[in-house]
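For reference, run_4.txt (compact mmCIF, C-alpha atoms):
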```txt
# COMPACT_ATOMS: atom_id res chain seq x y z
CA MET A 323 91.64 89.07 -73.44
CA PHE A 324 93.86 88.10 -76.38
CA LYS A 325 94.40 91.78 -77.28
CA ARG A 326 95.49 92.56 -73.73
CA PHE A 327 97.94 89.65 -73.82
CA THR A 328 99.36 90.92 -77.15
CA GLN A 329 99.82 94.38 -75.65
CA THR A 330 101.58 93.14 -72.53
CA ARG A 331 103.64 90.43 -74.24
CA PRO A 332 106.65 92.68 -75.06
CA PHE A 333 106.84 93.89 -71.46
CA ALA A 334 106.45 90.36 -70.12
CA THR A 335 109.33 89.31 -72.41
CA LEU A 336 111.44 92.21 -71.10
CA GLY A 337 110.65 91.12 -67.53
CA ILE A 338 111.75 87.57 -68.35
CA VAL A 339 114.99 88.86 -69.94
CA ILE A 340 115.77 91.01 -66.88
CA ALA A 341 114.94 88.17 -64.46
CA ALA A 342 117.05 85.71 -66.47
CA TRP A 343 119.96 88.15 -66.46
CA LEU A 344 119.71 88.73 -62.72
CA VAL A 345 119.83 85.00 -61.90
CA LEU A 346 122.62 84.24 -64.36
CA PRO A 347 125.75 83.18 -62.39
CA VAL A 348 128.61 85.71 -62.34
CA ALA A 349 131.01 83.10 -63.74
CA LEU A 350 128.78 82.68 -66.79
CA LYS A 351 128.56 86.46 -67.27
CA THR A 352 132.36 86.71 -67.09
CA PHE A 353 132.66 83.89 -69.62
CA LEU A 354 130.13 85.57 -71.92
CA ARG A 355 131.95 88.90 -71.71
CA ALA A 356 135.28 87.31 -72.61
CA GLY A 357 133.57 85.26 -75.32
CA PHE A 358 132.00 88.27 -77.02
CA PHE A 359 135.27 90.22 -76.78
CA GLU A 360 137.25 87.35 -78.34
CA PHE A 361 134.55 86.95 -81.00
CA THR A 362 135.04 90.57 -82.13
CA ALA A 363 138.83 90.70 -81.58
CA PRO A 364 139.66 89.55 -85.15
CA LEU A 365 137.63 92.50 -86.50
CA THR A 366 139.54 94.95 -84.29
CA VAL A 367 142.93 93.46 -85.15
CA ALA A 368 142.16 93.21 -88.88
CA ALA A 369 141.12 96.87 -89.03
CA SER A 370 144.32 97.81 -87.22
CA HIS A 371 146.47 95.80 -89.68
CA LEU A 372 144.66 97.49 -92.58
CA ARG A 373 145.52 100.91 -91.11
CA ASP A 374 149.15 99.83 -90.79
CA LEU A 375 149.13 98.70 -94.43
CA GLN A 376 147.62 102.02 -95.48
CA GLU A 377 150.34 103.85 -93.53
CA TYR A 378 152.99 101.65 -95.15
CA TRP A 379 151.83 102.50 -98.66
CA ALA A 380 151.61 106.18 -97.73
CA LEU A 381 155.22 106.02 -96.52
CA ARG A 382 156.26 104.30 -99.76
CA LEU A 383 155.25 107.49 -101.56
CA HIS A 384 158.01 109.45 -99.78
CA ARG A 385 160.93 110.50 -101.94
CA ASN A 386 164.33 108.85 -101.49
CA ARG A 387 165.82 112.19 -100.48
CA GLU A 388 163.32 112.49 -97.58
CA LEU A 389 164.13 108.94 -96.47
CA ILE A 390 167.89 109.63 -96.56
CA GLU A 391 167.37 112.76 -94.43
CA ALA A 392 165.18 110.82 -91.96
CA GLY A 393 167.85 108.07 -91.79
CA ARG A 394 170.55 110.65 -91.06
CA ASP A 395 168.46 112.20 -88.26
CA LEU A 396 167.75 108.75 -86.82
CA ALA A 397 171.47 107.90 -86.83
CA ARG A 398 172.13 111.02 -84.73
CA VAL A 399 169.38 110.09 -82.26
CA ASN A 400 170.69 106.50 -82.10
CA GLY A 401 174.18 107.78 -81.31
CA PHE A 402 172.82 109.78 -78.39
CA TYR A 403 170.78 106.80 -77.16
CA GLU A 404 173.81 104.48 -77.33
CA TYR A 405 175.70 106.89 -75.10
CA THR A 406 172.70 106.99 -72.70
CA VAL A 407 172.55 103.18 -72.63
CA GLN A 408 176.24 103.04 -71.66
CA GLN A 409 175.63 105.57 -68.88
CA ASN A 410 172.61 103.56 -67.75
CA ASN A 411 174.66 100.36 -67.56
CA VAL A 412 177.25 102.12 -65.38
CA LEU A 413 174.48 103.41 -63.08
CA GLN A 414 172.80 99.98 -62.89
CA ALA A 415 176.13 98.41 -61.91
CA GLU A 416 176.58 101.09 -59.24
CA ILE A 417 173.05 100.41 -57.88
CA GLY A 418 173.83 96.66 -57.77
CA THR A 419 177.03 97.30 -55.83
CA LEU A 420 175.24 99.58 -53.34
CA GLU A 421 172.37 97.08 -52.90
CA LYS A 422 174.89 94.35 -52.10
CA ALA A 423 176.91 96.54 -49.75
CA LEU A 424 173.84 97.79 -47.85
CA GLY A 425 171.92 94.49 -47.97
CA LEU A 426 168.92 96.13 -49.73
CA PRO A 427 166.32 94.13 -51.68
CA ALA A 428 166.74 94.46 -55.46
CA LEU A 429 164.53 96.98 -57.30
CA PRO A 430 161.77 95.34 -59.35
CA GLY A 431 162.84 94.57 -62.90
CA PHE A 432 160.70 94.67 -66.03
CA ARG A 433 160.67 93.23 -69.52
CA PHE A 434 159.73 95.82 -72.16
CA GLU A 435 157.03 94.57 -74.53
CA ALA A 436 156.28 96.97 -77.39
CA ALA A 437 152.71 96.68 -78.71
CA ARG A 438 150.75 98.32 -81.53
CA VAL A 439 147.51 100.09 -80.65
CA ALA A 440 144.62 98.34 -82.38
CA GLN A 441 141.78 100.61 -81.27
CA ARG A 442 141.29 103.83 -79.30
CA ASP A 443 138.06 104.39 -77.40
CA LEU A 444 138.28 107.81 -75.75
CA SER A 445 134.78 108.84 -74.66
CA GLY A 446 133.45 111.06 -71.90
CA TRP A 447 132.64 107.90 -69.93
CA TRP A 448 135.92 106.01 -70.21
CA GLN A 449 139.29 106.20 -71.97
CA ARG A 450 140.75 102.91 -73.20
CA LEU A 451 143.06 101.42 -75.79
CA VAL A 452 143.09 97.93 -77.22
CA ILE A 453 146.62 96.68 -77.95
CA ARG A 454 147.62 93.83 -80.26
CA LYS A 455 149.30 91.69 -77.62
CA GLY A 456 147.72 89.64 -74.88
CA ARG A 457 148.26 86.32 -73.14
CA ASN A 458 150.24 85.14 -76.21
CA TYR A 459 153.01 87.57 -75.15
CA GLY A 460 152.63 87.06 -71.41
CA ILE A 461 150.96 90.43 -70.77
CA PRO A 462 149.75 90.34 -67.14
CA LEU A 463 146.71 92.07 -65.70
CA GLY A 464 147.56 95.42 -64.07
CA ALA A 465 150.90 95.84 -65.90
CA PRO A 466 152.05 99.46 -66.38
CA VAL A 467 151.98 100.82 -69.92
CA ILE A 468 154.28 103.66 -70.97
CA PHE A 469 155.41 105.65 -74.02
CA THR A 470 158.09 108.26 -74.67
CA GLY A 471 156.01 110.91 -72.91
CA GLY A 472 155.54 108.90 -69.69
CA ILE A 473 152.66 106.86 -68.33
CA VAL A 474 149.95 105.68 -70.75
CA GLY A 475 147.91 103.65 -68.26
CA ARG A 476 147.59 100.13 -66.93
CA VAL A 477 146.40 96.86 -68.44
CA SER A 478 142.83 96.34 -67.26
CA GLU A 479 141.78 93.28 -69.28
CA VAL A 480 143.86 90.56 -70.94
CA TYR A 481 142.61 88.31 -73.74
CA ALA A 482 144.23 85.69 -75.98
CA THR A 483 145.82 88.05 -78.54
CA THR A 484 144.75 91.46 -77.31
CA ALA A 485 144.67 93.46 -74.08
CA VAL A 486 142.78 96.54 -72.91
CA VAL A 487 144.69 99.46 -71.42
CA GLU A 488 142.90 101.89 -69.13
CA LEU A 489 144.40 105.30 -69.90
CA VAL A 490 145.84 107.68 -67.33
CA SER A 491 143.10 110.11 -68.46
CA SER A 492 140.29 107.68 -67.57
CA PRO A 493 138.05 108.69 -64.64
CA ASN A 494 138.69 105.31 -62.98
CA PHE A 495 142.49 105.70 -63.03
CA ARG A 496 144.12 106.51 -59.66
CA LEU A 497 147.80 106.69 -58.81
CA ALA A 498 150.08 107.77 -55.94
CA ALA A 499 152.31 110.49 -57.41
CA LEU A 500 154.98 113.01 -56.43
CA ILE A 501 155.83 116.50 -57.54
CA ASP A 502 159.28 116.12 -59.14
CA GLY A 503 161.89 117.04 -56.52
CA ASP A 504 159.51 116.53 -53.57
CA THR A 505 159.16 113.37 -51.47
CA ARG A 506 155.58 113.76 -50.18
CA PRO A 507 153.05 111.55 -52.02
CA LEU A 508 149.76 112.89 -53.33
CA SER A 509 146.77 111.37 -55.11
CA TYR A 510 146.25 111.62 -58.86
CA GLN A 511 143.00 110.80 -60.67
CA GLY A 512 142.17 111.11 -64.37
CA GLY A 513 138.85 112.23 -65.75
CA ILE A 514 138.89 115.88 -66.80
CA ASN A 515 138.30 115.27 -70.49
CA ARG A 516 137.09 118.42 -72.15
CA PRO A 517 135.98 118.27 -75.79
CA PHE A 518 138.48 119.33 -78.48
CA ALA A 519 141.23 119.79 -75.87
CA PRO A 520 143.94 117.54 -74.42
CA ALA A 521 142.93 115.45 -71.41
CA ARG A 522 143.70 116.59 -67.88
CA GLY A 523 143.77 114.95 -64.48
CA ALA A 524 143.15 116.08 -60.91
CA ILE A 525 145.46 115.91 -57.89
CA GLU A 526 144.47 115.89 -54.24
CA PHE A 527 146.32 116.06 -50.90
CA VAL A 528 148.94 118.44 -52.29
CA PRO A 529 151.08 119.94 -49.47
CA LEU A 530 150.30 123.62 -48.84
CA ASP A 531 153.79 124.87 -49.73
CA ILE A 532 153.64 123.46 -53.27
CA THR A 533 152.94 126.04 -55.95
CA ALA A 534 152.37 125.65 -59.68
CA ALA A 535 150.88 127.70 -62.50
CA ALA A 536 150.43 127.44 -66.24
CA SER A 537 153.42 129.76 -66.66
CA ALA A 538 155.53 127.75 -64.16
CA PRO A 539 154.30 124.12 -64.32
CA ARG A 540 155.71 121.35 -62.10
CA ARG A 541 156.34 117.83 -63.38
CA LEU A 542 154.22 115.12 -61.75
CA VAL A 543 155.87 111.70 -61.54
CA SER A 544 154.87 108.26 -60.28
CA SER A 545 155.89 107.65 -56.67
CA GLY A 546 156.44 103.91 -56.88
CA LEU A 547 154.29 103.55 -53.75
CA GLY A 548 151.43 101.10 -53.39
CA GLY A 549 151.11 100.27 -57.05
CA VAL A 550 152.61 98.69 -60.10
CA PHE A 551 154.30 101.76 -61.58
CA PRO A 552 158.03 102.18 -60.97
CA ALA A 553 159.03 105.54 -59.48
CA GLY A 554 159.94 108.53 -61.64
CA LEU A 555 157.68 108.05 -64.68
CA THR A 556 156.10 111.26 -65.96
CA VAL A 557 152.35 111.56 -65.39
CA GLY A 558 151.94 115.14 -66.64
CA GLN A 559 152.53 118.80 -65.77
CA VAL A 560 150.81 120.37 -62.78
CA THR A 561 149.49 123.67 -64.11
CA MET A 562 147.29 124.80 -61.25
CA VAL A 563 146.96 124.28 -57.49
CA GLU A 564 144.54 125.92 -55.10
CA PRO A 565 143.61 125.40 -51.44
CA SER A 566 141.05 122.62 -50.91
CA ALA A 567 137.77 123.19 -49.08
CA ASP A 568 139.13 121.85 -45.76
CA GLY A 569 142.22 124.10 -45.94
CA LEU A 570 144.55 121.24 -44.91
CA PHE A 571 145.83 120.50 -48.42
CA LYS A 572 145.66 121.84 -51.95
CA THR A 573 144.00 120.39 -55.03
CA GLY A 574 145.06 120.97 -58.60
CA GLU A 575 144.94 120.09 -62.27
CA VAL A 576 147.45 118.16 -64.33
CA ALA A 577 147.94 118.67 -68.06
CA LEU A 578 148.50 115.26 -69.64
CA ASP A 579 150.62 114.72 -72.74
CA PRO A 580 148.56 115.68 -75.84
CA ARG A 581 150.09 112.69 -77.71
CA LEU A 582 148.08 110.31 -75.47
CA SER A 583 145.10 110.49 -77.81
CA GLU A 584 147.20 109.81 -80.92
CA LEU A 585 149.21 106.81 -79.75
CA THR A 586 149.91 104.06 -82.26
CA GLU A 587 152.51 102.15 -80.25
CA VAL A 588 153.05 101.67 -76.52
CA THR A 589 155.35 99.65 -74.25
CA VAL A 590 154.03 97.29 -71.60
CA LEU A 591 156.28 96.81 -68.57
CA VAL A 592 156.02 93.11 -67.79
CA PRO A 593 157.35 92.43 -64.27
CA LEU A 594 160.20 89.90 -64.26
CA GLY A 595 159.79 86.83 -62.13
CA GLY A 596 156.09 86.54 -62.94
CA LYS A 597 155.02 89.05 -60.27
CA MET B 1421 117.03 81.94 -86.80
CA ARG B 1422 118.73 82.86 -90.07
CA ARG B 1423 117.04 86.25 -90.03
CA VAL B 1424 118.32 86.88 -86.50
CA LEU B 1425 121.85 85.93 -87.58
CA VAL B 1426 121.74 88.15 -90.68
CA LEU B 1427 120.41 91.03 -88.61
CA PHE B 1428 123.15 90.43 -86.03
CA LEU B 1429 125.80 90.49 -88.77
CA THR B 1430 124.60 93.93 -89.90
CA LEU B 1431 124.73 95.11 -86.27
CA LEU B 1432 128.26 93.70 -85.97
CA LEU B 1433 129.20 95.72 -89.05
CA LEU B 1434 127.72 98.82 -87.42
CA TRP B 1435 129.68 98.14 -84.22
CA ALA B 1436 132.93 97.79 -86.21
CA GLY B 1437 132.17 100.99 -88.11
CA VAL B 1438 131.43 102.97 -84.96
CA ALA B 1439 134.64 101.63 -83.36
CA GLN B 1440 136.65 102.85 -86.37
CA VAL B 1441 134.95 106.26 -86.31
CA ASN B 1442 135.79 106.59 -82.61
CA ASP B 1443 139.39 105.59 -83.32
CA LEU B 1444 139.63 108.32 -85.94
CA LEU B 1445 137.93 110.89 -83.71
CA ALA B 1446 140.15 110.14 -80.68
CA PRO B 1447 142.73 112.88 -81.43
CA ALA B 1448 139.86 115.41 -81.62
CA HIS B 1449 138.69 114.41 -78.11
CA VAL B 1450 135.15 113.62 -79.12
CA SER B 1451 133.38 110.28 -79.62
CA VAL B 1452 130.14 108.90 -80.98
CA PHE B 1453 127.57 106.47 -79.55
CA ALA B 1454 125.01 104.83 -81.84
CA GLY B 1455 122.94 102.76 -79.40
CA GLY B 1456 119.66 103.91 -80.97
CA LEU B 1457 120.67 102.50 -84.35
CA PHE B 1458 121.32 99.06 -82.87
CA VAL B 1459 117.69 98.63 -81.84
CA ALA B 1460 115.61 100.91 -84.09
CA TYR B 1461 115.11 98.86 -87.28
CA ALA B 1462 114.50 95.57 -85.49
CA ALA B 1463 112.06 97.19 -83.05
CA LEU B 1464 110.14 99.20 -85.65
CA PHE B 1465 109.84 96.65 -88.48
CA LEU B 1466 110.39 93.09 -87.25
CA PRO B 1467 108.48 90.70 -84.98
CA LEU B 1468 109.61 90.59 -81.36
CA GLY B 1469 110.96 87.05 -81.70
CA GLU B 1470 113.35 88.10 -84.49
CA GLY B 1471 114.32 91.60 -83.43
CA LEU B 1472 114.83 91.24 -79.69
CA PRO B 1473 117.47 88.45 -79.87
CA ALA B 1474 119.46 90.52 -82.40
CA SER B 1475 119.29 93.58 -80.12
CA LEU B 1476 120.37 91.47 -77.11
CA LEU B 1477 123.35 90.06 -79.04
CA ALA B 1478 124.36 93.56 -80.20
CA GLY B 1479 124.09 94.78 -76.60
CA ALA B 1480 126.38 91.94 -75.48
CA VAL B 1481 129.00 92.90 -78.10
CA CYS B 1482 128.89 96.55 -76.99
CA ASP B 1483 128.98 95.46 -73.33
CA ALA B 1484 132.09 93.34 -73.87
CA HIS B 1485 133.96 96.45 -75.02
CA ALA B 1486 132.73 98.79 -72.28
CA PRO B 1487 134.04 98.96 -68.71
CA VAL B 1488 130.55 98.72 -67.25
CA ARG B 1489 128.92 95.79 -65.46
CA PHE B 1490 128.34 93.13 -68.14
CA GLY B 1491 124.67 93.21 -69.05
CA THR B 1492 124.18 96.96 -68.68
CA LEU B 1493 123.89 97.59 -72.42
CA VAL B 1494 122.07 94.29 -73.02
CA LEU B 1495 119.30 95.39 -70.65
CA LEU B 1496 119.29 99.00 -71.92
CA PHE B 1497 118.97 97.80 -75.53
CA ALA B 1498 116.27 95.33 -74.49
CA ALA B 1499 114.29 98.07 -72.73
CA ALA B 1500 114.64 100.48 -75.70
CA HIS B 1501 113.66 97.70 -78.11
CA VAL B 1502 110.57 96.70 -76.14
CA LEU B 1503 109.38 100.31 -75.71
CA LEU B 1504 109.78 101.07 -79.43
CA PHE B 1505 108.13 97.76 -80.36
CA ALA B 1506 105.17 98.28 -78.02
CA TRP B 1507 104.51 101.81 -79.27
CA ARG B 1508 105.43 101.40 -82.92
CA ASP B 1509 101.83 101.31 -84.17
CA ARG B 1510 101.24 104.70 -82.56
CA LEU B 1511 104.51 106.19 -83.82
CA PRO B 1512 105.11 107.60 -87.34
CA HIS B 1513 107.71 105.00 -88.32
CA ASP B 1514 106.65 104.67 -91.96
CA GLN B 1515 107.87 108.14 -92.97
CA PRO B 1516 111.65 108.68 -93.19
CA ALA B 1517 111.47 111.84 -91.08
CA GLY B 1518 109.43 110.13 -88.37
CA ARG B 1519 111.80 107.14 -88.40
CA LEU B 1520 114.79 109.44 -88.06
CA GLY B 1521 113.12 111.25 -85.16
CA LEU B 1522 112.50 107.95 -83.38
CA VAL B 1523 116.11 106.77 -83.87
CA LEU B 1524 117.45 110.07 -82.54
CA LEU B 1525 115.10 109.91 -79.55
CA ALA B 1526 116.12 106.31 -78.78
CA ASN B 1527 119.79 107.24 -79.10
CA LEU B 1528 119.33 110.24 -76.79
CA ALA B 1529 117.55 108.12 -74.16
CA LEU B 1530 120.22 105.39 -74.29
CA PHE B 1531 123.05 107.95 -74.13
CA LEU B 1532 121.55 109.63 -71.07
CA ALA B 1533 120.86 106.29 -69.36
CA LEU B 1534 124.41 105.08 -69.98
CA SER B 1535 125.82 108.42 -68.81
CA GLY B 1536 123.92 108.02 -65.54
CA LEU B 1537 125.05 104.42 -65.08
CA ALA B 1538 128.68 104.89 -66.17
CA ALA B 1539 129.28 108.14 -64.31
CA GLY B 1540 127.30 107.25 -61.19
CA PRO B 1541 130.04 105.82 -58.95
CA LEU B 1542 132.71 108.34 -60.07
CA PRO B 1543 133.52 111.66 -58.42
CA ALA B 1544 132.13 114.60 -60.38
CA HIS B 1545 134.52 116.79 -62.34
CA ALA B 1546 133.21 120.03 -63.80
CA GLY B 1547 135.01 119.15 -67.05
CA ARG B 1548 132.88 116.06 -67.64
CA TRP B 1549 129.63 117.73 -68.67
CA PRO B 1550 130.91 119.74 -71.67
CA ARG B 1551 132.56 116.55 -72.96
CA LEU B 1552 129.36 114.54 -72.57
CA ALA B 1553 127.38 117.31 -74.30
CA ALA B 1554 129.87 117.33 -77.20
CA ASP B 1555 129.77 113.52 -77.43
CA LEU B 1556 125.97 113.60 -77.44
CA ALA B 1557 125.86 116.21 -80.22
CA ALA B 1558 128.39 114.23 -82.30
CA SER B 1559 126.44 111.01 -81.67
CA GLU B 1560 123.12 112.49 -82.79
CA LEU B 1561 124.76 113.96 -85.89
CA PHE B 1562 126.40 110.62 -86.72
CA VAL B 1563 123.14 108.71 -86.23
CA ALA B 1564 121.24 111.23 -88.37
CA LEU B 1565 123.81 110.84 -91.15
CA VAL B 1566 123.98 107.05 -91.26
CA SER B 1567 120.49 105.93 -90.19
CA ALA B 1568 118.96 105.93 -93.71
CA TRP B 1569 121.90 103.93 -95.10
CA PHE B 1570 121.86 101.50 -92.18
CA PHE B 1571 118.09 100.91 -92.39
CA ALA B 1572 118.46 100.20 -96.14
CA LEU B 1573 121.39 97.85 -95.44
CA GLN B 1574 119.37 95.87 -92.90
CA GLU B 1575 116.35 95.74 -95.21
CA GLN B 1576 118.46 94.56 -98.18
CA ALA B 1577 120.35 92.02 -96.06
CA LEU B 1578 117.07 90.47 -94.91
CA ALA B 1579 115.70 90.56 -98.47
CA LEU B 1580 118.65 88.38 -99.61
CA LEU B 1581 117.28 85.49 -97.57
CA PRO B 1582 114.85 83.11 -99.28
CA PRO B 1583 111.26 83.64 -98.10
CA ASP B 1584 110.36 81.74 -94.96
CA PRO B 1585 107.44 79.33 -95.72
CA GLU B 1586 105.99 79.96 -92.26
CA ARG B 1587 105.82 83.70 -92.91
CA MET B 1588 104.12 83.27 -96.29
CA PHE B 1589 100.89 81.88 -94.87
```

Now that the file is in, can you turn its structure into C-alpha cells?
Amino acid sequence: MFKRFTQTRPFATLGIVIAAWLVLPVALKTFLRAGFFEFTAPLTVAASHLRDLQEYWALRLHRNRELIEAGRDLARVNGFYEYTVQQNNVLQAEIGTLEKALGLPALPGFRFEAARVAQRDLSGWWQRLVIRKGRNYGIPLGAPVIFTGGIVGRVSEVYATTAVVELVSSPNFRLAALIDGDTRPLSYQGGINRPFAPARGAIEFVPLDITAAASAPRRLVSSGLGGVFPAGLTVGQVTMVEPSADGLFKTGEVALDPRLSELTEVTVLVPLGGK
Amino acid sequence: MRRVLVLFLTLLLLWAGVAQVNDLLAPAHVSVFAGGLFVAYAALFLPLGEGLPASLLAGAVCDAHAPVRFGTLVLLFAAAHVLLFAWRDRLPHDQPAGRLGLVLLANLALFLALSGLAAGPLPAHAGRWPRLAADLAASELFVALVSAWFFALQEQALALLPPDPERMF
C-alpha cells in the first residue's frame, strides 16, 4: 500500500499543480507574469549595458585617422539631413495650411523615442526584442517601432524600465499595407522565418493586376488604415506574387530588411496627446 | 528551502546564458531552447519536494519571457520533471552518457510540445518547419555541449550549503 502511494505520489503532485494552476485567477497570473519579468529585467539590462561597454572599448581601439574620416563622412550626411529637415518643415507648414483651408482633422503626431535593444529573441515560434525603455519613458502599449529601414514592429508588453517589441517578422504580426504607388489595401503577416536566411512575410488579398518578381520587386508600405502605424513606412520588398486558390486575389512573399535581426537601436513612435 | 533557492539561482543563470546565446545567434536566424536542462538535474537527483519547486520557478521565468499563455512552460516543466522523477530508478542516470541521453530526450519532448502549443493557433507557412528543425538541431547540440558543465555547477552549488540536519538522519 505504501509502495503504491510512493509510486503515484509524483503524479498526484502533478495533478495538484495543474489543478491549482487552472483555478488561479487570471489577475494573479497576469501579476505573476509581470513580476517574474521585472525580477529578471535587471539581468537583461545589465547584460545589454555590458555589451555596450564592450563595444565602447572596441571602438576606443580605432585609430585617430579612422575617427577623423568617420567624422568627415558624418558631417556630409548631417548636411544632407539638415537640408531634408528644412524641406520637411516647408512641407509640414503647407500641410497645416491645407488642413486649415479644407477644414480637415490634423494628422496624428508622434514623439520619437530612441531606445537601445537589450535582448533579441528570434526563434521559429516568435520574434521579439526587449528594449531598454518602458513606462519610465512613457512608452505606450501598441506603439509603432521603426528604424532607418522601415517598420521594426509594435510594442506588445510594457514594463517599468523595459518594453517588448513584437517584430514585423513574427507570425502573430498583422498589418494593412499598400504596394507603393497603389491605393488598394492588402493584408500583411509575418512568419516565414527560414534558418540562416533573412526573414520574410506573406501578403494576401493582392489585386490581380499587381505584379512583382525578385528581379523587379515592389516596395510594400504601411497603409495607415485600421492600426497604429502612420502611412508610408516601409515594410519590405514584394518579391513574388501568384494567384490565390480562389482566383479572386493574389498572394505573395515579402523580403524584410536583413538588418532586422541585427538591430541595436530602434525608435518608438509615441503618439502625442496620450492616444 | 535554501536548497530550492540555490537550485533556482543556478537555473536563473542558465536562463540568462541561454538568452545571451540567442541574442548572439539572432543574426544567423537560428535559436536554442534548453528546456530539458532546466528540469533534468533536479528530477534525476533530488527529492520531489526540492526539485519540483525549482523547476516550477524556472518555468515561470521562461514563461514570463515567452508570448504564450502564462503557465504553459510551468506545466510543461512540471510534467517533464514528474515523468523523469517517476522513472529515474529505471533509467540509466548514473552514467554520463545515459544522463546526457535523458536530457536530450527531455529537451526534444519539451521542444515538440512547445512547438505544438505555440504554433497551434497560427496559420501554417511552409517556411516554418525548416526553421523549427534547425532550431531543434541547434538546441540539442547546445544542450549536449553544456549539460555536463551545468550538472556539475548545480552539484557544486548545492554542496556549498551546510548539511541539513534533517537529511543526515

B:Phe1505, B:Phe1497, B:Phe1465, B:Phe1453 ranked by distance to Asp1555 in chain B, top pick (using all atoms listed in the file):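 Among the listed residues, the smallest separation from Asp1555 in chain B belongs to B:Phe1453.
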
Interatomic distance (Å, one decimal) between CA of Ser583 in chain A and CA of Val399 in chain A: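 Between CA of Ser583 in chain A and CA of Val399 in chain A the gap works out to 24.7 Å.
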
Chain B near chain A within 7 Å: what's each residue's closest atom pair and its distance in Å to one decimal, counting only C-alpha atoms, ordered by chain then ascending residue number, as CSV?
```
residue,atom,partner,partner_atom,distance
B:Asn1442,CA,A:Asp443,CA,6.1
B:Asp1443,CA,A:Arg442,CA,4.8
B:Ala1446,CA,A:Ser583,CA,5.7
B:Pro1447,CA,A:Ser583,CA,4.9
B:Ala1448,CA,A:Phe518,CA,5.2
B:His1449,CA,A:Phe518,CA,4.9
B:Val1450,CA,A:Pro517,CA,5.8
B:Ser1451,CA,A:Ser445,CA,5.4
B:Ala1480,CA,A:Phe358,CA,6.9
B:Val1481,CA,A:Phe358,CA,5.6
B:Ala1484,CA,A:Arg355,CA,4.9
B:His1485,CA,A:Phe359,CA,6.6
B:Phe1490,CA,A:Arg355,CA,6.6
B:Leu1495,CA,A:Ile340,CA,6.8
B:Ala1498,CA,A:Leu336,CA,6.7
B:Ala1499,CA,A:Leu336,CA,6.7
B:Val1502,CA,A:Pro332,CA,5.7
B:Ala1506,CA,A:Pro332,CA,6.5
B:Ser1535,CA,A:Trp447,CA,6.9
B:Ala1538,CA,A:Trp447,CA,6.2
B:Ala1539,CA,A:Trp447,CA,6.6
B:His1545,CA,A:Ile514,CA,6.3
B:Gly1547,CA,A:Ile514,CA,5.1
B:Arg1548,CA,A:Ile514,CA,6.1
B:Pro1550,CA,A:Arg516,CA,6.3
B:Arg1551,CA,A:Pro517,CA,4.8
B:Leu1552,CA,A:Gly446,CA,5.4
B:Ala1554,CA,A:Pro517,CA,6.3
```

8 Å contact set for Thr589 in chain A, all atoms listed in the file, chain neighbours under 4 positions out, as a ChimeraX atom specification: /A:434-437,467-469

Could those selected residues go to a file with C-alpha atoms, as an mmCIF file, keeping the file's coordinate frame?
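Result went into result.cif, see below:
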```cif
data_model
loop_
_atom_site.group_PDB
_atom_site.id
_atom_site.type_symbol
_atom_site.label_atom_id
_atom_site.label_comp_id
_atom_site.auth_asym_id
_atom_site.auth_seq_id
_atom_site.Cartn_x
_atom_site.Cartn_y
_atom_site.Cartn_z
ATOM 1 C CA PHE A 434 159.730 95.820 -72.160
ATOM 2 C CA GLU A 435 157.030 94.570 -74.530
ATOM 3 C CA ALA A 436 156.280 96.970 -77.390
ATOM 4 C CA ALA A 437 152.710 96.680 -78.710
ATOM 5 C CA VAL A 467 151.980 100.820 -69.920
ATOM 6 C CA ILE A 468 154.280 103.660 -70.970
ATOM 7 C CA PHE A 469 155.410 105.650 -74.020
#
```

Closest of B:Leu1511, B:Leu1493, B:Val1426, B:Leu1434 to Ala1454 in chain B - atom-to-atom distances counting only C-alpha atoms: B:Leu1434

Please supply range 439-446 of chain A, rebuilt with N, CA, C and O atoms, as a CSV table (one decimal), keeping the file's coordinate frame.
```
chain,number,residue,atom,x,y,z
A,439,VAL,N,148.9,99.8,-81.1
A,439,VAL,CA,147.5,100.1,-80.6
A,439,VAL,C,146.5,99.7,-81.7
A,439,VAL,O,146.7,100.1,-82.9
A,440,ALA,N,145.6,98.8,-81.4
A,440,ALA,CA,144.6,98.3,-82.4
A,440,ALA,C,143.4,99.2,-82.4
A,440,ALA,O,142.8,99.4,-83.5
A,441,GLN,N,143.0,99.8,-81.3
A,441,GLN,CA,141.8,100.6,-81.3
A,441,GLN,C,141.8,101.6,-80.1
A,441,GLN,O,142.3,101.2,-79.0
A,442,ARG,N,141.4,102.8,-80.4
A,442,ARG,CA,141.3,103.8,-79.3
A,442,ARG,C,139.8,104.1,-79.0
A,442,ARG,O,139.1,104.3,-80.0
A,443,ASP,N,139.4,104.1,-77.8
A,443,ASP,CA,138.1,104.4,-77.4
A,443,ASP,C,138.1,105.4,-76.3
A,443,ASP,O,138.1,105.1,-75.1
A,444,LEU,N,138.1,106.7,-76.7
A,444,LEU,CA,138.3,107.8,-75.8
A,444,LEU,C,137.0,108.6,-75.7
A,444,LEU,O,136.7,109.5,-76.4
A,445,SER,N,136.1,108.2,-74.8
A,445,SER,CA,134.8,108.8,-74.7
A,445,SER,C,134.7,109.6,-73.4
A,445,SER,O,135.7,109.6,-72.6
A,446,GLY,N,133.6,110.3,-73.2
A,446,GLY,CA,133.4,111.1,-71.9
A,446,GLY,C,133.2,110.1,-70.7
A,446,GLY,O,133.4,110.5,-69.6
```
